[in-house]
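One file, input_26.txt, carrying compact mmCIF, C-alpha atoms and all ligand atoms:
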# COMPACT_ATOMS: atom_id res chain seq x y z
CA MET A 1290 -2.39 13.58 5.99
CA GLN A 1291 -0.13 14.22 3.07
CA LYS A 1292 3.53 14.50 3.81
CA SER A 1293 7.06 13.26 3.33
CA GLN A 1294 6.14 10.89 0.54
CA VAL A 1295 9.76 10.41 -0.37
CA SER A 1296 10.86 9.13 2.99
CA ALA A 1297 7.76 6.96 3.15
CA MET A 1298 8.69 5.38 -0.15
CA ASN A 1299 12.04 4.19 1.13
CA SER A 1300 10.65 2.26 4.04
CA SER A 1301 7.56 0.82 2.47
CA LEU A 1302 6.67 -2.16 0.36
CA GLU A 1303 4.47 -1.98 -2.69
CA LEU A 1304 1.58 -4.41 -2.46
CA GLY A 1305 0.12 -3.83 -5.87
CA ARG A 1306 -2.04 -1.43 -7.82
CA ILE A 1307 -5.72 -0.78 -7.33
CA MET A 1308 -7.48 1.56 -9.78
CA GLY A 1309 -3.99 2.30 -11.11
CA ILE A 1310 -2.82 3.62 -7.72
CA PRO A 1311 0.19 1.95 -6.07
CA VAL A 1312 -0.82 0.71 -2.61
CA ARG A 1313 2.11 0.47 -0.19
CA LEU A 1314 2.65 -0.89 3.27
CA HIS A 1315 4.84 0.96 5.72
CA TRP A 1316 7.09 -1.54 7.50
CA THR A 1317 5.74 -0.60 10.94
CA ILE A 1318 2.49 -2.24 9.87
CA ILE A 1319 3.93 -5.71 10.58
CA PHE A 1320 4.18 -4.96 14.30
CA ILE A 1321 0.74 -3.43 14.42
CA VAL A 1322 -0.84 -6.38 12.60
CA LEU A 1323 0.81 -8.73 15.09
CA PHE A 1324 -0.13 -6.52 18.04
CA ILE A 1325 -3.78 -6.36 16.99
CA ALA A 1326 -3.84 -10.12 16.36
CA TRP A 1327 -2.32 -10.68 19.81
CA SER A 1328 -4.78 -8.31 21.55
CA PHE A 1329 -7.67 -9.88 19.74
CA ALA A 1330 -6.57 -13.38 20.70
CA SER A 1331 -6.19 -12.35 24.35
CA VAL A 1332 -9.59 -10.75 24.90
CA HIS A 1333 -12.83 -12.49 25.63
CA GLN A 1334 -15.80 -10.41 26.69
CA GLU A 1335 -19.51 -10.69 26.10
CA THR A 1336 -21.82 -7.68 26.14
CA GLY A 1337 -25.26 -7.38 24.61
CA GLY A 1338 -25.06 -10.73 22.87
CA ILE A 1339 -21.85 -9.79 21.02
CA VAL A 1340 -18.58 -11.49 21.86
CA TYR A 1341 -15.48 -9.29 21.77
CA GLY A 1342 -12.21 -10.98 21.00
CA LEU A 1343 -11.34 -14.54 20.11
CA GLY A 1344 -9.85 -15.36 23.53
CA GLY A 1345 -12.46 -18.05 24.18
CA ILE A 1346 -11.81 -20.02 20.99
CA GLU A 1347 -10.29 -23.49 21.29
CA PRO A 1348 -8.00 -24.99 20.05
CA VAL A 1349 -5.30 -22.36 20.44
CA ALA A 1350 -4.06 -22.73 16.85
CA LEU A 1351 -7.50 -21.83 15.48
CA ARG A 1352 -7.66 -18.84 17.87
CA TRP A 1353 -4.37 -17.46 16.58
CA ILE A 1354 -5.07 -18.08 12.90
CA ALA A 1355 -8.49 -16.44 13.20
CA SER A 1356 -6.96 -13.48 15.07
CA LEU A 1357 -4.35 -12.98 12.38
CA ILE A 1358 -6.98 -13.10 9.64
CA PHE A 1359 -9.05 -10.60 11.64
CA SER A 1360 -6.11 -8.23 11.92
CA LEU A 1361 -5.32 -8.44 8.21
CA ALA A 1362 -9.00 -7.95 7.33
CA LEU A 1363 -9.03 -4.84 9.51
CA PHE A 1364 -6.18 -3.36 7.47
CA ALA A 1365 -7.96 -4.28 4.25
CA CYS A 1366 -10.88 -2.20 5.57
CA VAL A 1367 -8.52 0.73 6.24
CA ALA A 1368 -7.24 0.39 2.66
CA LEU A 1369 -10.83 0.44 1.37
CA HIS A 1370 -11.46 3.62 3.37
CA GLU A 1371 -8.46 5.28 1.65
CA LEU A 1372 -9.55 3.96 -1.73
CA GLY A 1373 -12.93 5.59 -1.10
CA HIS A 1374 -11.20 8.99 -0.90
CA SER A 1375 -9.02 8.18 -3.89
CA TYR A 1376 -11.92 7.02 -6.04
CA ILE A 1377 -13.72 10.38 -5.75
CA ALA A 1378 -10.43 12.27 -6.20
CA LYS A 1379 -9.52 10.33 -9.32
CA LYS A 1380 -12.98 10.73 -10.77
CA SER A 1381 -12.60 14.50 -10.39
CA GLY A 1382 -9.19 14.57 -12.05
CA VAL A 1383 -6.96 14.79 -8.95
CA LYS A 1384 -3.85 12.65 -9.39
CA ILE A 1385 -3.09 10.17 -6.61
CA ARG A 1386 0.53 9.12 -6.51
CA SER A 1387 0.21 6.35 -3.97
CA ILE A 1388 -1.57 5.10 -0.89
CA THR A 1389 0.58 4.10 2.05
CA LEU A 1390 -0.87 2.18 4.96
CA TYR A 1391 0.60 3.24 8.30
CA PHE A 1392 -0.18 2.05 11.77
CA PHE A 1393 -2.58 4.90 12.28
CA GLY A 1394 -4.48 4.26 9.09
CA GLY A 1395 -3.80 5.19 5.52
CA VAL A 1396 -2.28 8.12 3.77
CA ALA A 1397 -3.15 9.00 0.21
CA ALA A 1398 -0.44 11.07 -1.44
CA MET A 1399 -2.19 13.46 -3.77
CA GLU A 1400 -0.60 15.63 -6.35
CA GLU A 1401 -2.61 18.68 -5.42
CA ILE A 1402 -5.30 18.95 -2.81
CA PRO A 1403 -8.12 20.74 -4.55
CA ARG A 1404 -9.14 24.08 -3.12
CA ASN A 1405 -12.70 23.49 -4.06
CA PRO A 1406 -15.11 23.08 -1.14
CA ARG A 1407 -17.67 21.01 -3.06
CA LEU A 1408 -15.02 18.50 -4.14
CA GLU A 1409 -13.31 18.48 -0.75
CA LEU A 1410 -16.65 17.79 0.90
CA LYS A 1411 -17.28 14.80 -1.37
CA MET A 1412 -13.72 13.51 -1.06
CA ALA A 1413 -13.55 13.83 2.71
CA PHE A 1414 -16.89 12.13 3.13
CA ALA A 1415 -16.07 9.17 0.85
CA GLY A 1416 -13.68 7.47 3.33
CA PRO A 1417 -15.95 7.49 6.39
CA GLY A 1418 -18.80 6.62 4.01
CA VAL A 1419 -17.02 3.44 2.92
CA SER A 1420 -16.21 2.56 6.55
CA GLY A 1421 -19.84 3.13 7.56
CA VAL A 1422 -21.22 0.91 4.79
CA LEU A 1423 -18.63 -1.80 5.55
CA GLY A 1424 -19.55 -1.57 9.24
CA PHE A 1425 -23.25 -2.09 8.71
CA VAL A 1426 -22.82 -4.83 6.10
CA LEU A 1427 -20.38 -6.75 8.34
CA LEU A 1428 -22.66 -6.37 11.37
CA PHE A 1429 -25.54 -7.69 9.29
CA LEU A 1430 -23.45 -10.66 8.13
CA GLY A 1431 -22.43 -11.19 11.77
CA LEU A 1432 -26.12 -11.45 12.72
CA GLN A 1433 -26.65 -14.04 9.99
CA ALA A 1434 -23.65 -16.03 11.17
CA ARG A 1435 -24.94 -15.87 14.74
CA ALA A 1436 -28.30 -17.35 13.74
CA PHE A 1437 -26.46 -20.05 11.87
CA ALA A 1438 -23.45 -20.93 14.01
CA GLY A 1439 -24.11 -19.30 17.39
CA SER A 1440 -22.66 -16.18 19.00
CA GLY A 1441 -19.47 -17.94 20.11
CA SER A 1442 -18.33 -19.17 16.70
CA PRO A 1443 -15.12 -17.63 15.30
CA LEU A 1444 -16.90 -16.46 12.15
CA THR A 1445 -19.64 -14.65 14.08
CA ILE A 1446 -17.12 -12.95 16.34
CA MET A 1447 -14.88 -11.91 13.46
CA LEU A 1448 -17.72 -10.49 11.37
CA SER A 1449 -19.47 -8.56 14.12
CA ASP A 1450 -16.24 -7.24 15.69
CA LEU A 1451 -14.96 -6.18 12.30
CA GLY A 1452 -18.29 -4.43 11.72
CA LEU A 1453 -17.95 -2.56 15.02
CA MET A 1454 -14.34 -1.62 14.30
CA ASN A 1455 -15.38 -0.13 10.97
CA LEU A 1456 -18.05 1.96 12.67
CA MET A 1457 -15.41 3.15 15.14
CA LEU A 1458 -13.08 3.97 12.26
CA MET A 1459 -15.86 6.03 10.74
CA ALA A 1460 -16.57 7.85 14.01
CA PHE A 1461 -12.85 8.51 14.69
CA ASN A 1462 -12.35 9.94 11.22
CA LEU A 1463 -15.36 12.18 11.59
CA LEU A 1464 -13.81 13.98 14.58
CA PRO A 1465 -13.92 17.64 13.55
CA ALA A 1466 -10.15 18.12 13.47
CA PHE A 1467 -7.28 17.92 10.99
CA PRO A 1468 -5.79 15.60 9.86
CA MET A 1469 -9.00 13.64 10.28
CA ASP A 1470 -11.59 13.67 7.51
CA GLY A 1471 -13.92 15.54 9.85
CA GLY A 1472 -11.50 18.48 9.81
CA ARG A 1473 -11.70 18.62 6.02
CA LEU A 1474 -15.47 18.38 6.07
CA LEU A 1475 -15.56 21.28 8.52
CA ARG A 1476 -13.22 23.40 6.40
CA ALA A 1477 -15.20 22.70 3.23
CA TRP A 1478 -18.33 23.71 5.12
CA PHE A 1479 -16.74 27.03 6.15
CA ALA A 1480 -15.17 27.54 2.73
CA PHE A 1481 -18.61 27.91 1.16
CA ARG A 1482 -19.00 31.09 3.19
CA MET A 1483 -15.51 32.61 3.50
CA PRO A 1484 -12.06 32.65 1.90
CA TYR A 1485 -10.09 29.43 2.04
CA VAL A 1486 -7.38 30.54 4.49
CA LYS A 1487 -9.96 31.89 6.90
CA ALA A 1488 -11.95 28.67 6.62
CA THR A 1489 -8.82 26.63 7.33
CA ARG A 1490 -7.95 28.78 10.33
CA LYS A 1491 -11.45 28.39 11.73
CA ALA A 1492 -11.51 24.62 11.21
CA SER A 1493 -8.03 24.35 12.70
CA ASP A 1494 -9.07 26.40 15.76
CA ILE A 1495 -11.99 24.05 16.37
CA GLY A 1496 -9.60 21.11 15.99
CA LYS A 1497 -7.28 22.60 18.61
CA ILE A 1498 -10.12 23.20 21.06
CA PHE A 1499 -11.18 19.63 20.47
CA ALA A 1500 -7.63 18.34 21.01
CA THR A 1501 -7.37 20.32 24.25
CA LEU A 1502 -10.63 18.85 25.54
CA MET A 1503 -9.42 15.36 24.60
CA PHE A 1504 -6.15 16.05 26.38
CA LEU A 1505 -7.93 17.14 29.57
CA VAL A 1506 -10.20 14.10 29.54
CA GLY A 1507 -7.18 11.86 28.84
CA LEU A 1508 -5.26 13.44 31.70
CA SER A 1509 -8.07 13.13 34.24
CA THR A 1510 -8.74 9.49 33.35
CA LEU A 1511 -5.05 8.66 32.77
CA ASN A 1512 -5.96 7.35 29.33
CA PHE A 1513 -2.65 7.45 27.48
CA MET A 1514 -4.17 6.51 24.15
CA LEU A 1515 -6.39 9.59 24.36
CA LEU A 1516 -3.42 11.80 25.29
CA PHE A 1517 -1.55 10.49 22.28
CA VAL A 1518 -4.47 11.11 19.92
CA ALA A 1519 -4.96 14.59 21.38
CA PHE A 1520 -1.35 15.47 20.68
CA PHE A 1521 -1.60 14.05 17.15
CA VAL A 1522 -4.75 16.08 16.47
CA TYR A 1523 -3.22 19.29 17.82
CA VAL A 1524 -0.11 18.99 15.67
CA GLY A 1525 -2.19 18.01 12.65
CA ALA A 1526 -4.39 21.08 13.01
CA SER A 1527 -1.42 23.45 13.25
CA GLU A 1528 0.37 21.88 10.30
CA GLU A 1529 -2.63 22.07 8.03
CA GLU A 1530 -3.09 25.73 8.89
CA LYS A 1531 0.55 26.51 8.11
CA ALA A 1532 0.61 24.54 4.85
CA THR A 1533 -2.56 26.22 3.61
CA GLU A 1534 -1.31 29.70 4.47
CA ILE A 1535 1.92 29.07 2.61
CA SER A 1536 0.32 27.72 -0.53
CA VAL A 1537 -2.29 30.51 -0.56
CA SER A 1538 0.24 33.28 0.06
CA LEU A 1539 2.40 31.99 -2.79
CA GLU A 1540 -0.58 31.88 -5.11
CA GLY A 1541 0.10 33.44 -8.51
CA ILE A 1542 3.84 33.75 -7.83
CA ARG A 1543 6.05 31.93 -10.29
CA VAL A 1544 9.55 30.58 -9.93
CA LYS A 1545 10.94 33.27 -12.28
CA ASP A 1546 9.63 36.01 -9.94
CA ILE A 1547 11.68 34.87 -6.97
CA MET A 1548 14.69 32.97 -8.36
CA SER A 1549 18.22 34.38 -8.44
CA ALA A 1550 18.85 34.93 -12.14
CA LYS A 1551 22.55 35.74 -11.87
CA VAL A 1552 23.85 32.30 -11.24
CA GLN A 1553 27.43 31.79 -10.30
CA VAL A 1554 28.47 28.36 -11.56
CA VAL A 1555 31.53 26.24 -10.90
CA VAL A 1556 33.39 23.68 -13.03
CA PRO A 1557 33.77 20.03 -11.95
CA GLU A 1558 37.57 20.40 -11.95
CA MET A 1559 37.54 23.09 -9.25
CA SER A 1560 39.03 21.91 -5.94
CA LEU A 1561 36.99 21.90 -2.75
CA GLU A 1562 39.52 24.30 -1.20
CA GLU A 1563 38.73 26.85 -3.91
CA LEU A 1564 35.02 26.15 -3.50
CA LYS A 1565 35.22 26.87 0.22
CA GLU A 1566 36.88 30.23 -0.45
CA MET A 1567 34.22 31.04 -3.03
CA MET A 1568 31.39 30.18 -0.63
CA PHE A 1569 33.04 32.32 2.01
CA ARG A 1570 33.39 35.25 -0.37
CA GLU A 1571 29.95 35.13 -1.96
CA LYS A 1572 27.94 33.75 0.94
CA HIS A 1573 26.10 31.16 -1.14
CA ARG A 1574 25.77 27.65 0.22
CA GLY A 1575 25.26 25.85 -3.09
CA TYR A 1576 26.36 26.11 -6.72
CA PRO A 1577 25.36 24.44 -9.97
CA VAL A 1578 28.26 22.58 -11.60
CA MET A 1579 28.56 23.22 -15.35
CA SER A 1580 30.80 21.66 -17.92
CA GLY A 1581 30.73 22.28 -21.68
CA GLY A 1582 27.57 24.35 -21.38
CA ALA A 1583 25.65 21.53 -19.68
CA LEU A 1584 24.52 21.22 -16.08
CA GLN A 1585 26.39 18.31 -14.47
CA GLY A 1586 25.28 18.49 -10.89
CA ILE A 1587 24.94 20.65 -7.83
CA VAL A 1588 27.44 21.08 -5.01
CA THR A 1589 26.53 22.33 -1.55
CA LEU A 1590 28.19 23.22 1.74
CA THR A 1591 27.14 19.82 3.10
CA ASP A 1592 29.05 18.04 0.30
CA LEU A 1593 32.08 20.13 1.18
CA GLN A 1594 31.81 19.40 4.91
CA ASN A 1595 31.71 15.66 4.25
CA VAL A 1596 35.33 15.81 3.08
CA PRO A 1597 38.04 16.20 5.77
CA GLU A 1598 39.84 19.55 5.80
CA ALA A 1599 43.20 18.05 4.75
CA GLU A 1600 41.84 16.34 1.63
CA ARG A 1601 39.95 19.32 0.22
CA ALA A 1602 42.79 20.77 -1.87
CA GLY A 1603 43.15 17.49 -3.77
CA THR A 1604 39.45 16.71 -4.23
CA PRO A 1605 37.62 18.09 -7.28
CA VAL A 1606 34.02 19.33 -7.03
CA GLY A 1607 33.03 16.75 -9.67
CA SER A 1608 33.71 13.86 -7.31
CA VAL A 1609 31.44 15.03 -4.47
CA MET A 1610 28.63 16.88 -6.24
CA ALA A 1611 25.09 15.50 -6.34
CA ARG A 1612 24.48 14.18 -9.86
CA LYS A 1613 20.84 13.38 -9.43
CA LEU A 1614 19.23 16.65 -10.39
CA TYR A 1615 15.75 17.82 -9.68
CA LEU A 1616 14.90 20.71 -11.95
CA ILE A 1617 12.12 23.22 -12.23
CA GLY A 1618 10.93 25.53 -15.00
CA PRO A 1619 10.71 29.34 -14.62
CA GLN A 1620 6.97 29.31 -15.34
CA GLU A 1621 6.16 26.81 -12.58
CA GLU A 1622 4.31 27.98 -9.48
CA ALA A 1623 6.52 28.93 -6.53
CA SER A 1624 4.40 26.64 -4.36
CA THR A 1625 5.44 23.72 -6.58
CA ALA A 1626 9.09 24.52 -5.85
CA MET A 1627 8.24 24.58 -2.13
CA LYS A 1628 6.52 21.22 -2.35
CA MET A 1629 9.43 19.66 -4.25
CA MET A 1630 11.98 20.92 -1.73
CA ASN A 1631 9.93 19.62 1.18
CA GLU A 1632 9.37 16.22 -0.34
CA LEU A 1633 12.92 15.75 -1.58
CA GLN A 1634 14.48 17.33 1.51
CA ILE A 1635 16.64 19.67 -0.56
CA ARG A 1636 17.28 23.38 -0.27
CA ARG A 1637 17.67 24.60 -3.85
CA LEU A 1638 16.52 23.82 -7.35
CA PRO A 1639 18.23 24.80 -10.62
CA VAL A 1640 15.81 26.58 -12.94
CA ILE A 1641 15.99 25.31 -16.51
CA ASP A 1642 14.41 26.89 -19.56
CA GLU A 1643 14.83 25.17 -22.93
CA ASP A 1644 17.86 23.22 -21.69
CA GLN A 1645 19.52 26.41 -20.43
CA LEU A 1646 20.25 27.16 -16.82
CA VAL A 1647 18.46 30.46 -16.21
CA GLY A 1648 18.56 30.67 -12.43
CA ILE A 1649 18.46 28.97 -9.10
CA VAL A 1650 15.68 29.04 -6.55
CA SER A 1651 16.42 28.37 -2.90
CA ARG A 1652 14.44 27.82 0.24
CA GLU A 1653 15.55 31.29 1.40
CA ASP A 1654 14.01 32.82 -1.76
CA LEU A 1655 10.73 31.11 -0.92
CA VAL A 1656 10.77 32.13 2.72
CA ARG A 1657 11.45 35.74 1.70
CA ALA A 1658 8.55 35.64 -0.77
CA ILE A 1659 6.18 34.25 1.87
CA GLU A 1660 7.24 36.92 4.36
CA LEU A 1661 6.82 39.69 1.81
CA CYS A 1662 3.39 38.45 0.75
CA SER A 1663 2.06 38.15 4.28
CA GLU A 1664 3.54 41.59 5.00
CA LEU A 1665 1.53 43.04 2.11
CA GLU A 1666 -1.67 41.26 3.19
CA HIS A 1667 -1.73 42.63 6.72
ZN ZN A 1701 -10.18 9.15 5.65

Could you rewrite the structure in this file as structure tokens?
Ligand SMILES: [Zn+2]
Amino acid sequence: MQKSQVSAMNSSLELGRIMGIPVRLHWTIIFIVLFIAWSFASVHQETGGIVYGLGGIEPVALRWIASLIFSLALFACVALHELGHSYIAKKSGVKIRSITLYFFGGVAAMEEIPRNPRLELKMAFAGPGVSGVLGFVLLFLGLQARAFAGSGSPLTIMLSDLGLMNLMLMAFNLLPAFPMDGGRLLRAWFAFRMPYVKATRKASDIGKIFATLMFLVGLSTLNFMLLFVAFFVYVGASEEEKATEISVSLEGIRVKDIMSAKVQVVVPEMSLEELKEMMFREKHRGYPVMSGGALQGIVTLTDLQNVPEAERAGTPVGSVMARKLYLIGPQEEASTAMKMMNELQIRRLPVIDEDQLVGIVSREDLVRAIELCSELEH
């Protein structure tokens, strides 16, 4: 999964950097760590010589401390899985902005997902590969601990259960559906034989069939976890398909091809009342604010609406405009503009060439371009 990095940043804590990549924790992780520790401390089951859960450990303090360590170690394993993906990506020149650990696992925010099946195959495999190796090594260590301290010792239980969990993490991620690694493996496999969009569509279709089967099994056994995963897989498959189609259909189109070059600008001294009339007249929802030949900010309908009707005549544009500007160059890819707008949750970007405002590109411009391109393709 790669999405809404900006909102993730606001609610996450940076742990540190590994291989130069910031590793972050999403705040929801705290509850999940505690929940897993609690579940692990409450279960005690023995099957095939392996003890599941630390529920049988006495004294209680040791049980809880060991459970908490187990839960934290599990998340460290999830982080290693993500770092596996990132290591291959970095080695091949793909920039990784950050890794955020969520309750469902990790998310590596990549600058650009390579449209290269060989690389995608390697990258997608690296995560489950790491989990698989961790699983077998931990199970092996668990066997050693068992010979040494017995099957009921906290160390034996922690090692062998952690080993099993890693193997499950590997298996879960190999499900042939987006956003799981298995979905990417499948697409890369198809992409050797057919165009990328077609390969994505095919992999996404298989993911949806898979999700539907999971849903039916979940429904007939009343397994809510399975229903939840099925839903997650279905949405993931559809989103990946849409994102790929958009970035492929915008391929080769630059910002200058779709931007509005005749930019109407406003001055910071203009009142909001005047701005409202201007928006009404020209049917634009946002304007760059210029003063002395320099771009000062951008003012939108939302900024206007935040000010009560009665105060608009006395409020200048300069006091409500957004001063933090995200800019784009005319030579940039249109898909980059799309990505920026999605991540920053904004609707328009001023286009700047050699310090001069040369245009403005809006979400509507992008949508029109996508529609036109898919019109021409069919
Ligand atoms: Zn993965």

* 10 Å shell around ligand ZN 1701 (chain A) using all atoms listed in the file, listed as a PyMOL selection string -> chain A and resi 1290+1367-1375+1394-1397+1412-1420+1458-1459+1461-1463+1468-1471+1473

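CA of Met1503 in chain A is positioned 26.6 Å from CA of Gln1334 in chain A.
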
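One distance worth recording is that between CA of Gly1431 in chain A and CA of Leu1453 in chain A, which is 10.3 Å.
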
* To do: Tell me which protein, DNA and RNA residues are within 9 Å of range 1651-1662 of chain A, counting all atoms listed in the file, leaving out same-chain ones fewer than 4 positions away, and put them as an NGL selection string.
  => :A and (1535 or 1538-1539 or 1542 or 1547-1549 or 1623-1624 or 1626-1627 or 1630 or 1635-1639 or 1666-1667)

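We find CA of Gly1309 in chain A and CA of Met1629 in chain A to be spaced 23.0 Å apart.
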
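Comparing the minimum interatomic distances between Lys1491 in chain A and each of A:Ser1527, A:Ser1331, A:Ser1360, A:Asn1631, counting all atoms listed in the file, we find that A:Ser1527 sits nearest.
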
* **Residue neighbourhood Leu1302 in chain A, 8 Å, all atoms listed in the file, exclusion window fewer than 3 positions, as a PyMOL selection string** => chain A and resi 1298+1313-1316

* Residue nearest Val1640 in chain A among A:Arg1601, A:Arg1543, A:Arg1612, A:Lys1565 (counting all atoms listed in the file) -> A:Arg1543

I'd like the neighbourhood of range 1435-1452 of chain A as a compact mmCIF listing (two decimals) with C-alpha atoms, keeping the file's coordinate frame, where a residue qualifies if any of its atoms comes within 10 Å (using only C-alpha atoms), though same-chain residues fewer than 5 positions away should be ignored.
# COMPACT_ATOMS: atom_id res chain seq x y z
CA PHE A 1329 -7.67 -9.88 19.74
CA GLU A 1335 -19.51 -10.69 26.10
CA GLY A 1338 -25.06 -10.73 22.87
CA ILE A 1339 -21.85 -9.79 21.02
CA VAL A 1340 -18.58 -11.49 21.86
CA TYR A 1341 -15.48 -9.29 21.77
CA GLY A 1342 -12.21 -10.98 21.00
CA LEU A 1343 -11.34 -14.54 20.11
CA GLY A 1345 -12.46 -18.05 24.18
CA ILE A 1346 -11.81 -20.02 20.99
CA GLU A 1347 -10.29 -23.49 21.29
CA LEU A 1351 -7.50 -21.83 15.48
CA ARG A 1352 -7.66 -18.84 17.87
CA ALA A 1355 -8.49 -16.44 13.20
CA SER A 1356 -6.96 -13.48 15.07
CA ILE A 1358 -6.98 -13.10 9.64
CA PHE A 1359 -9.05 -10.60 11.64
CA SER A 1360 -6.11 -8.23 11.92
CA ALA A 1362 -9.00 -7.95 7.33
CA LEU A 1363 -9.03 -4.84 9.51
CA CYS A 1366 -10.88 -2.20 5.57
CA SER A 1420 -16.21 2.56 6.55
CA GLY A 1421 -19.84 3.13 7.56
CA VAL A 1422 -21.22 0.91 4.79
CA LEU A 1423 -18.63 -1.80 5.55
CA GLY A 1424 -19.55 -1.57 9.24
CA PHE A 1425 -23.25 -2.09 8.71
CA VAL A 1426 -22.82 -4.83 6.10
CA LEU A 1427 -20.38 -6.75 8.34
CA LEU A 1428 -22.66 -6.37 11.37
CA PHE A 1429 -25.54 -7.69 9.29
CA LEU A 1430 -23.45 -10.66 8.13
CA MET A 1457 -15.41 3.15 15.14
CA LEU A 1458 -13.08 3.97 12.26

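The shortest atom-to-atom distance to Ile1388 in chain A, with all atoms listed in the file taken into account, belongs to A:Arg1306 out of A:Met1483, A:Val1506, A:Arg1306, A:Pro1605.
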
* Structure fact -> Judged by only C-alpha atoms, the minimum distance to Met1308 in chain A among A:Met1610, A:Leu1515, A:Ala1378, A:Val1332 is found for A:Ala1378

Determine the axis-aligned bounding box of all atoms of range 1315-1334 of chain A present in the file, pad each side by 4 Å, and express its centre and edge lengths in Å to one decimal place as AutoDock Vina command-line options.
--center_x -4.4 --center_y -6.2 --center_z 16.2 --size_x 30.9 --size_y 22.3 --size_z 29.0

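The shortest atom-to-atom distance to Ile1319 in chain A, with all atoms listed in the file taken into account, belongs to A:Leu1357 out of A:Gly1344, A:Gln1620, A:Leu1357, A:Ser1560.
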
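Minimum atom-to-atom distance to Lys1497 in chain A, evaluated using all atoms listed in the file, belongs to A:Ala1519 out of A:Val1555, A:Ala1519, A:Leu1408, A:Leu1432.
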